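Next up, target11.txt (compact mmCIF, C-alpha atoms and all ligand atoms):
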```txt
# COMPACT_ATOMS: atom_id res chain seq x y z
CA MET A 67 -13.03 -4.84 12.47
CA ASP A 68 -12.86 -7.90 14.64
CA SER A 69 -9.58 -8.32 16.38
CA ALA A 70 -8.16 -11.72 15.61
CA THR A 71 -5.28 -11.05 17.98
CA SER A 72 -7.02 -10.36 21.27
CA ASP A 73 -7.29 -14.04 22.15
CA ARG A 74 -3.58 -14.54 21.83
CA PRO A 75 -1.47 -14.37 24.97
CA ALA A 76 1.36 -11.85 25.20
CA VAL A 77 3.82 -14.63 25.86
CA ARG A 78 3.97 -16.78 22.80
CA SER A 79 3.35 -20.46 23.04
CA HIS A 80 6.20 -22.75 22.12
CA LEU A 81 6.09 -25.50 19.54
CA GLY A 82 5.70 -29.09 20.65
CA SER A 83 8.90 -31.04 21.15
CA GLN A 84 8.13 -33.21 18.11
CA ALA A 85 8.06 -30.26 15.69
CA SER A 86 10.58 -31.09 13.01
CA ASN A 87 9.56 -29.64 9.67
CA GLY A 88 9.20 -25.90 9.07
CA LEU A 89 7.45 -24.86 5.86
CA LYS A 90 7.17 -21.45 4.25
CA ILE A 91 4.51 -19.55 2.39
CA VAL A 92 5.17 -15.97 1.37
CA ILE A 93 2.62 -13.21 0.93
CA VAL A 94 3.64 -10.61 -1.61
CA GLY A 95 2.11 -7.55 -3.22
CA GLY A 96 2.41 -3.81 -3.38
CA PHE A 97 2.79 -1.37 -0.53
CA GLY A 98 -0.07 -1.41 1.99
CA VAL A 99 -2.05 -4.12 0.24
CA GLY A 100 -2.73 -6.10 3.42
CA LYS A 101 0.17 -8.55 3.70
CA THR A 102 0.79 -8.01 7.40
CA THR A 103 -2.95 -8.02 8.05
CA MET A 104 -3.28 -11.45 6.45
CA VAL A 105 -0.36 -12.86 8.44
CA ARG A 106 -1.96 -11.54 11.63
CA SER A 107 -5.36 -12.99 10.76
CA VAL A 108 -4.25 -16.60 10.46
CA SER A 109 -1.18 -16.81 12.67
CA ASP A 110 -1.18 -18.75 15.96
CA ILE A 111 1.16 -16.14 17.38
CA ARG A 112 1.31 -12.37 17.23
CA PRO A 113 3.25 -11.51 14.09
CA LEU A 114 6.94 -11.02 14.74
CA ASN A 115 9.32 -8.81 12.86
CA THR A 116 12.91 -9.45 11.99
CA GLU A 117 15.48 -8.50 9.43
CA GLU A 118 18.08 -9.96 7.17
CA ILE A 119 21.19 -8.37 5.76
CA MET A 120 21.45 -8.86 2.02
CA THR A 121 23.92 -7.69 -0.56
CA ARG A 122 22.69 -5.51 -3.40
CA ALA A 123 23.08 -8.53 -5.63
CA GLY A 124 20.40 -10.29 -3.61
CA GLN A 125 22.70 -12.66 -1.76
CA GLU A 126 22.38 -13.23 1.92
CA VAL A 127 25.42 -11.79 3.60
CA ASP A 128 27.29 -14.75 4.99
CA ASP A 129 30.45 -12.83 5.53
CA LEU A 130 30.41 -10.25 8.28
CA THR A 131 32.95 -8.11 6.53
CA GLY A 132 30.14 -7.22 4.15
CA VAL A 133 27.74 -6.13 6.88
CA THR A 134 29.00 -2.63 7.21
CA GLY A 135 29.77 -2.06 3.55
CA LYS A 136 27.75 0.08 1.21
CA THR A 137 26.89 -3.03 -0.77
CA SER A 138 24.64 -4.46 1.90
CA THR A 139 21.10 -3.53 2.79
CA THR A 140 18.85 -4.52 5.64
CA VAL A 141 15.49 -6.00 4.77
CA ALA A 142 12.80 -6.17 7.42
CA PHE A 143 9.91 -8.59 7.11
CA ASP A 144 7.21 -9.93 9.35
CA PHE A 145 6.02 -13.44 9.88
CA GLY A 146 3.53 -15.59 11.71
CA ARG A 147 3.24 -19.26 12.49
CA ILE A 148 0.60 -21.98 12.17
CA SER A 149 1.07 -25.40 13.74
CA LEU A 150 -0.39 -27.89 11.28
CA ASN A 151 0.25 -31.07 13.22
CA GLU A 152 2.70 -32.43 15.77
CA LYS A 153 5.57 -32.35 13.34
CA THR A 154 4.75 -29.73 10.76
CA VAL A 155 4.68 -26.00 11.25
CA LEU A 156 3.92 -23.43 8.60
CA TYR A 157 5.57 -20.01 8.65
CA LEU A 158 3.88 -17.19 6.78
CA PHE A 159 6.06 -14.36 5.62
CA GLY A 160 4.87 -10.89 4.74
CA ALA A 161 7.35 -9.69 2.15
CA PRO A 162 8.45 -6.08 2.34
CA GLY A 163 6.18 -3.90 0.22
CA GLN A 164 8.72 -1.28 -0.79
CA GLU A 165 9.69 -1.70 -4.37
CA ARG A 166 13.38 -1.28 -3.69
CA PHE A 167 13.39 -4.63 -1.85
CA TRP A 168 11.60 -6.68 -4.42
CA PHE A 169 14.71 -7.93 -6.16
CA LEU A 170 15.60 -9.66 -2.90
CA TRP A 171 12.54 -11.83 -2.61
CA ASP A 172 13.66 -14.89 -4.51
CA ARG A 173 16.74 -15.29 -2.44
CA LEU A 174 15.22 -14.32 0.89
CA PHE A 175 12.31 -16.70 0.52
CA SER A 176 13.91 -19.49 -1.46
CA GLY A 177 12.47 -22.89 -0.68
CA THR A 178 9.01 -21.49 -0.15
CA LEU A 179 6.09 -23.80 -0.98
CA GLY A 180 4.34 -21.05 -2.89
CA ALA A 181 3.13 -17.48 -2.76
CA VAL A 182 -0.04 -15.49 -2.32
CA VAL A 183 -0.11 -12.33 -4.45
CA LEU A 184 -2.41 -9.82 -2.79
CA VAL A 185 -3.88 -7.24 -5.14
CA ASP A 186 -5.87 -4.08 -4.57
CA THR A 187 -8.06 -3.38 -7.60
CA ARG A 188 -7.42 0.34 -7.25
CA ARG A 189 -3.74 -0.29 -7.87
CA LEU A 190 -3.46 -3.45 -9.94
CA GLN A 191 -0.19 -2.33 -11.52
CA ASP A 192 1.47 -2.52 -8.09
CA SER A 193 1.47 -6.29 -8.37
CA TRP A 194 2.95 -6.59 -11.85
CA TYR A 195 6.48 -6.78 -10.61
CA ALA A 196 5.65 -9.38 -7.96
CA ILE A 197 4.04 -11.62 -10.55
CA ASP A 198 7.02 -11.19 -12.90
CA ARG A 199 9.42 -12.25 -10.18
CA LEU A 200 7.39 -15.31 -9.21
CA GLU A 201 7.01 -16.43 -12.81
CA HIS A 202 10.69 -15.87 -13.45
CA HIS A 203 11.58 -17.94 -10.43
CA GLY A 204 9.02 -20.65 -11.15
CA THR A 205 7.33 -20.20 -7.77
CA PRO A 206 3.67 -21.31 -7.90
CA PHE A 207 1.20 -18.69 -6.72
CA VAL A 208 -2.44 -17.70 -6.45
CA VAL A 209 -3.85 -14.20 -6.73
CA ALA A 210 -6.08 -12.92 -3.95
CA ARG A 211 -8.09 -9.77 -4.48
CA ASN A 212 -8.21 -7.93 -1.20
CA ASP A 213 -11.40 -5.90 -1.10
CA PHE A 214 -10.68 -2.27 -0.34
CA GLY A 215 -13.92 -1.16 -1.97
CA GLY A 216 -12.16 -0.46 -5.26
CA PRO A 217 -13.77 -0.83 -8.68
CA ALA A 218 -15.67 -4.09 -9.06
CA HIS A 219 -13.67 -5.57 -11.91
CA THR A 220 -14.62 -9.02 -13.06
CA HIS A 221 -12.04 -11.74 -12.61
CA GLU A 222 -11.60 -11.70 -16.38
CA GLN A 223 -10.73 -8.01 -16.35
CA ILE A 224 -8.22 -8.56 -13.58
CA ARG A 225 -6.70 -11.52 -15.37
CA ASP A 226 -6.29 -9.36 -18.44
CA ALA A 227 -4.74 -6.48 -16.54
CA LEU A 228 -2.32 -8.82 -14.81
CA ASP A 229 -1.70 -10.92 -17.93
CA LEU A 230 -2.38 -13.94 -15.78
CA PRO A 231 -2.28 -17.47 -17.20
CA ALA A 232 -5.62 -19.30 -17.03
CA ASP A 233 -4.27 -21.94 -14.65
CA VAL A 234 -3.39 -19.44 -11.91
CA PRO A 235 -6.25 -19.46 -9.40
CA MET A 236 -7.86 -16.17 -8.39
CA ILE A 237 -9.92 -15.64 -5.27
CA ASP A 238 -11.59 -12.73 -3.47
CA CYS A 239 -10.63 -12.15 0.11
CA ASP A 240 -10.70 -9.90 3.12
CA ALA A 241 -7.29 -10.09 4.74
CA ARG A 242 -8.81 -8.92 8.04
CA SER A 243 -10.89 -12.07 8.29
CA ARG A 244 -9.35 -15.25 9.61
CA ALA A 245 -11.78 -17.47 7.70
CA SER A 246 -11.18 -15.62 4.46
CA SER A 247 -7.39 -15.64 4.84
CA LYS A 248 -7.53 -19.32 5.68
CA SER A 249 -9.41 -20.05 2.46
CA VAL A 250 -6.76 -18.19 0.49
CA LEU A 251 -4.10 -20.48 1.95
CA ILE A 252 -6.24 -23.54 1.21
CA GLU A 253 -6.65 -22.31 -2.38
CA LEU A 254 -2.87 -21.99 -2.72
CA VAL A 255 -2.08 -25.40 -1.24
CA THR A 256 -4.81 -27.05 -3.34
CA HIS A 257 -3.18 -25.48 -6.40
CA LEU A 258 0.23 -26.79 -5.31
CA TYR A 259 -1.26 -30.21 -4.71
CA ARG A 260 -2.72 -30.27 -8.22
CA LEU A 261 0.62 -29.27 -9.74
CA SER A 262 2.51 -31.76 -7.66
CA THR A 263 0.29 -34.77 -8.36
CA ALA A 264 0.13 -33.90 -12.07
CA ARG A 265 3.93 -34.03 -12.23
CA GLU A 266 4.11 -37.20 -10.17
CA GLY A 267 1.56 -38.81 -12.49
CA ALA A 268 3.52 -37.68 -15.54
CA ARG A 269 6.75 -39.04 -14.07
CA ALA A 270 5.21 -42.38 -13.27
CA GLY A 271 3.75 -42.46 -16.78
CA ALA A 272 0.36 -43.04 -15.23
CA PRO A 273 -1.95 -40.14 -16.03
CA GLY A 274 -4.80 -42.12 -14.51
CA ALA A 275 -3.16 -41.64 -11.12
CA VAL A 276 -3.46 -37.86 -11.31
CA GLY A 277 -5.92 -36.57 -8.81
CA MET B 244 11.68 3.09 18.09
CA SER B 245 15.10 1.75 17.45
CA ARG B 246 15.61 -1.93 16.95
CA ARG B 247 18.85 -3.61 17.80
CA GLY B 248 20.69 -4.92 14.83
CA ARG B 249 19.60 -2.28 12.38
CA ASP B 250 22.21 0.19 13.56
CA GLU B 251 24.25 -2.32 15.43
CA ASP B 252 27.84 -1.36 16.11
CA PRO B 253 30.07 -3.61 13.95
CA ASP B 254 32.40 -4.23 16.90
CA ARG B 255 29.47 -5.48 18.92
CA LEU B 256 28.42 -7.82 16.10
CA TYR B 257 31.98 -9.07 15.92
CA THR B 258 31.91 -9.85 19.63
CA LEU B 259 28.58 -11.66 19.35
CA THR B 260 29.92 -13.89 16.63
CA ARG B 261 33.21 -14.39 18.51
CA GLY B 262 35.13 -13.09 15.55
CA ARG B 263 33.69 -15.57 13.12
CA SER B 264 32.79 -13.87 9.93
CA ARG B 265 30.70 -16.56 8.34
CA ALA B 266 28.39 -19.40 9.21
CA SER B 267 29.93 -22.82 8.77
CA ALA B 268 26.55 -24.51 8.42
CA THR B 269 23.42 -23.55 6.51
CA PHE B 270 20.37 -22.58 8.44
CA ASP B 271 17.14 -21.89 6.62
CA LEU B 272 14.87 -19.16 7.98
CA VAL B 273 12.60 -21.95 9.23
CA THR B 274 15.18 -24.48 10.37
CA LEU B 275 14.02 -25.55 13.84
CA VAL B 276 16.71 -25.35 16.47
CA VAL B 277 16.70 -27.44 19.65
CA SER B 278 19.10 -27.12 22.62
CA GLU B 279 21.13 -30.15 23.49
CA SER B 280 22.50 -28.62 26.65
CA GLU B 281 21.53 -26.26 29.45
CA PRO B 282 23.29 -22.90 29.51
CA VAL B 283 26.37 -22.89 31.72
CA PRO B 284 27.97 -19.94 33.52
CA GLY B 285 30.67 -18.24 31.55
CA MET B 286 28.86 -18.67 28.27
CA GLN B 287 28.24 -15.57 26.24
CA SER B 288 24.85 -14.17 27.24
CA GLU B 289 23.34 -14.47 23.75
CA HIS B 290 24.41 -18.10 23.60
CA ARG B 291 22.74 -18.69 26.95
CA ARG B 292 19.59 -17.00 25.69
CA ILE B 293 19.54 -19.14 22.57
CA LEU B 294 19.90 -22.31 24.62
CA ARG B 295 17.04 -21.23 26.87
CA LEU B 296 14.80 -20.23 23.95
CA CYS B 297 15.45 -23.53 22.18
CA ARG B 298 14.37 -25.85 24.96
CA TYR B 299 11.51 -26.39 22.57
CA PRO B 300 12.03 -26.32 18.80
CA THR B 301 12.34 -22.71 17.64
CA ALA B 302 12.78 -21.42 14.10
CA VAL B 303 15.79 -19.33 13.15
CA VAL B 304 13.52 -16.35 12.35
CA GLU B 305 11.87 -16.56 15.76
CA LEU B 306 15.27 -16.52 17.43
CA ALA B 307 16.29 -13.51 15.37
CA ALA B 308 13.09 -11.70 16.34
CA ASP B 309 13.50 -12.59 20.03
CA LEU B 310 17.14 -11.59 20.15
CA GLY B 311 16.53 -8.44 18.11
CA LEU B 312 19.41 -9.35 15.83
CA PRO B 313 19.57 -9.79 12.06
CA VAL B 314 19.15 -13.36 10.85
CA THR B 315 22.67 -13.20 9.42
CA ILE B 316 24.20 -12.76 12.86
CA VAL B 317 21.99 -15.41 14.43
CA ARG B 318 23.08 -17.91 11.79
CA ILE B 319 26.71 -17.35 12.65
CA MET B 320 26.03 -17.81 16.37
CA LEU B 321 24.04 -20.97 15.63
CA SER B 322 26.88 -22.49 13.60
CA ASP B 323 29.12 -21.87 16.53
CA LEU B 324 26.71 -23.62 18.90
CA LEU B 325 26.18 -26.45 16.45
CA ASP B 326 29.92 -27.02 16.10
CA GLN B 327 30.13 -27.33 19.87
CA GLY B 328 27.29 -29.84 19.94
CA LEU B 329 25.16 -27.54 22.08
CA ILE B 330 22.20 -27.46 19.68
CA SER B 331 20.74 -29.62 16.96
CA ALA B 332 19.06 -28.39 13.79
CA ARG B 333 15.93 -29.79 12.12
CA HIS B 334 16.03 -28.60 8.53
CA PRO B 335 12.92 -28.20 6.35
CA ARG B 336 11.99 -31.16 4.18
CA THR B 337 9.65 -30.40 1.32
CA SER B 338 10.46 -32.28 -1.83
CA ALA B 339 12.55 -35.37 -1.07
CA GLY B 340 14.94 -34.55 -3.85
CA ARG B 341 12.44 -33.90 -6.63
CA ALA B 342 14.08 -32.27 -9.59
CA ASP B 343 11.14 -29.95 -10.29
CA GLY B 344 11.39 -28.41 -6.82
CA LEU B 345 7.67 -28.94 -6.18
CA PRO B 346 6.71 -30.18 -2.74
CA ASP B 347 5.63 -33.80 -2.36
CA SER B 348 1.90 -34.29 -2.71
CA GLN B 349 1.85 -36.30 0.51
CA LEU B 350 3.26 -33.36 2.42
CA LEU B 351 0.80 -30.99 0.75
CA GLU B 352 -2.05 -33.25 1.75
CA GLN B 353 -0.94 -32.97 5.38
CA VAL B 354 -0.76 -29.20 5.03
CA LEU B 355 -4.30 -29.11 3.64
CA VAL B 356 -5.64 -31.22 6.48
CA GLY B 357 -3.90 -28.96 8.98
CA LEU B 358 -5.28 -25.80 7.40
CA ARG B 359 -8.83 -27.14 7.18
CA ASN B 360 -8.69 -28.01 10.88
CA LEU B 361 -7.74 -24.48 11.89
N1 LIG C 1 -10.87 -2.22 3.63
C1 LIG C 1 -9.90 -3.11 3.83
N2 LIG C 1 -8.78 -2.71 4.47
C2 LIG C 1 -7.79 -3.59 4.66
C3 LIG C 1 -7.90 -4.94 4.20
N3 LIG C 1 -6.75 -5.58 4.49
C4 LIG C 1 -5.95 -4.69 5.11
N4 LIG C 1 -6.58 -3.49 5.23
C5 LIG C 1 -6.03 -2.27 5.83
O1 LIG C 1 -5.01 -1.75 4.97
C6 LIG C 1 -3.94 -1.17 5.71
C7 LIG C 1 -2.60 -1.74 5.27
O2 LIG C 1 -2.53 -3.11 5.61
P1 LIG C 1 -1.15 -3.86 5.94
O3 LIG C 1 -1.51 -5.24 6.31
O4 LIG C 1 -0.32 -3.08 6.87
O5 LIG C 1 -0.46 -3.84 4.50
P2 LIG C 1 0.98 -4.38 4.09
O6 LIG C 1 0.82 -5.00 2.76
O7 LIG C 1 1.55 -5.23 5.17
O8 LIG C 1 1.80 -3.03 3.99
P3 LIG C 1 3.38 -2.84 3.81
O9 LIG C 1 4.06 -3.91 4.61
O10 LIG C 1 3.62 -1.48 4.33
O11 LIG C 1 3.64 -2.96 2.35
C8 LIG C 1 -4.27 -1.44 7.18
O12 LIG C 1 -4.81 -0.27 7.73
C9 LIG C 1 -5.30 -2.55 7.13
O13 LIG C 1 -6.20 -2.50 8.23
C10 LIG C 1 -9.12 -5.32 3.54
O14 LIG C 1 -9.31 -6.46 3.12
N5 LIG C 1 -10.08 -4.38 3.38
MG MG C 2 3.46 -5.08 6.13
```

Could you render the structure as structure tokens?
Ligand SMILES: Nc1nc2c(ncn2[C@@H]2O[C@H](COP(=O)(O)OP(=O)(O)OP(=O)(O)O)[C@@H](O)[C@H]2O)c(=O)[nH]1
Ligand SMILES: [Mg+2]
Amino acid sequence: MDSATSDRPAVRSHLGSQASNGLKIVIVGGFGVGKTTMVRSVSDIRPLNTEEIMTRAGQEVDDLTGVTGKTSTTVAFDFGRISLNEKTVLYLFGAPGQERFWFLWDRLFSGTLGAVVLVDTRRLQDSWYAIDRLEHHGTPFVVARNDFGGPAHTHEQIRDALDLPADVPMIDCDARSRASSKSVLIELVTHLYRLSTAREGARAGAPGAVG
Amino acid sequence: MSRRGRDEDPDRLYTLTRGRSRASATFDLVTLVVSESEPVPGMQSEHRRILRLCRYPTAVVELAADLGLPVTIVRIMLSDLLDQGLISARHPRTSAGRADGLPDSQLLEQVLVGLRNL
């Protein structure tokens, strides 16, 4: 396995002084499916880890009196960073894989551009819940099949098993590879771009402008 | 390995937030924070650290990771600093008020260019 991290200095570089817009993409999927690996592969910095205190109802705790109560839970997640240009910086979040945290995703990662659902074909059912949550929340996503040497299902078979709408892109990947992880992100943003321009065209009443 | 924050003593958290129990401003996980002032003696040490870390724009999650504190606590400290005019906050802009919540295609185009150039 090539180490995508060895070229990164221990002290992390800072953003340029013009950086003004932070964007989010979240990587979700079952336990051990390669979320952290993908963040590490494409990030400019070594992945960092932090945590948020949430109530059981999925709210961020904004009142410290709730911090110590039984109703709050601490959710750890990791993230990386990609500087896209002088002003724009993309943060990639690896959502916690443990099922007991999944109900917290929507709130924790609200405002995200979109999501990558990583699936392992040996355990397709592990991603059902993630897909349900994203659909429920209306968050656009793509599905990336991380190759763990599992059964070689066709994309059709996977679509069936995941009950995936035809317009959700699916792509094969190796989360350990920077190039492969990068193409997953490009696939997602291309999908978002298509959705966004289609809506803009519809709003302007000019379908010819869709592109 | 024991991380700070996870088992943080509530009294300690209370001290860090100077008794404030909630953030008066909203900070997204990726709001970029910039210092507007150098740390001065007498300031709480975490506040000084934040001001040093934010000499260049730094996201709320990065601060939380660097300080080893939950994002919740960092948000409260940041509101405090913001109220005192010691920092400024650059909030994420994605959709310029679109009702459908989708990001602007212009922004997405920039993101694509950035990703392809990686
Ligand atoms: N064969 C293979 N192994 C992989 C691939 N991606 C990740 N792995 C390995 O799978 C293991 C789990 O990967 P992680 O990135 O930690 O998975 P995760 O989704 O972050 O796990 P949790 O956060 O615990 O849910 C690691 O040992 C990775 O090296 C892949 O594409 N192919
Ligand atoms: Mg992980």

(request) When you get a sec, could you note down which chain A residues fall within 6 Å of chain B, using all atoms listed in the file, as a list of chain:residue names? (result) A:Ser83, A:Ser86, A:Asn87, A:Gly88, A:Asn115, A:Thr116, A:Glu117, A:Glu118, A:Asp128, A:Asp129, A:Leu130, A:Leu150, A:Tyr259, A:Ser262, A:Thr263

Using only the atoms of ligand LIG 1 (chain C) listed in the file, plus 5 Å on each side, state the axis-aligned box centre and edge lengths in Å rounded to one decimal, as lines of an AutoDock Vina configuration file.
```
center_x = -3.4
center_y = -3.4
center_z = 5.3
size_x = 24.9
size_y = 16.2
size_z = 15.9
```

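Closest approach to A:Ala85 among A:Glu253, A:Glu152, A:Glu222, A:Asp240: A:Glu152, based on all atoms listed in the file.
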
(message) Which residues are near ligand MG 2 (chain C) - at most 9 Å, using all atoms listed in the file? Format: as a PyMOL selection string.
(response) chain A and resi 97-103+105+143-144+160-163

(message) Please report the interatomic distance between atom CA of A:Val92 and atom CA of A:Ala264 in Å with one decimal.
(response) 23.0 Å

(message) Residues within 9 Å of stretch 172-186 of chain A, please, as a VMD selection string. Count all atoms listed in the file; anything in the same chain fewer than 2 positions from it doesn't count.
(response) (chain A and resid 89 to 96 99 to 101 118 120 124 to 126 159 161 168 to 170 188 to 193 196 to 197 199 to 200 203 205 to 216 241 250 to 251 254 to 255 258) or (chain B and resid 271 to 272 335 337 344 to 346)

(request) Mind giving me the straight-line distance from atom CA of B:Gln287 to atom CA of B:Val303 in Å, one decimal? (result) 18.5 Å

(request) Identify, on the basis of all atoms listed in the file, every residue whose closest approach to B:Leu324 does not exceed 8 Å; exclude the query and any residue fewer than 5 positions from it along the same chain; express the result as a list in words. (result) His290, Leu329 and Ile330 of chain B

(message) Using Å and a single decimal, report how far atom CA of B:Ser331 sits from atom CA of B:Met286.
(response) 17.7 Å
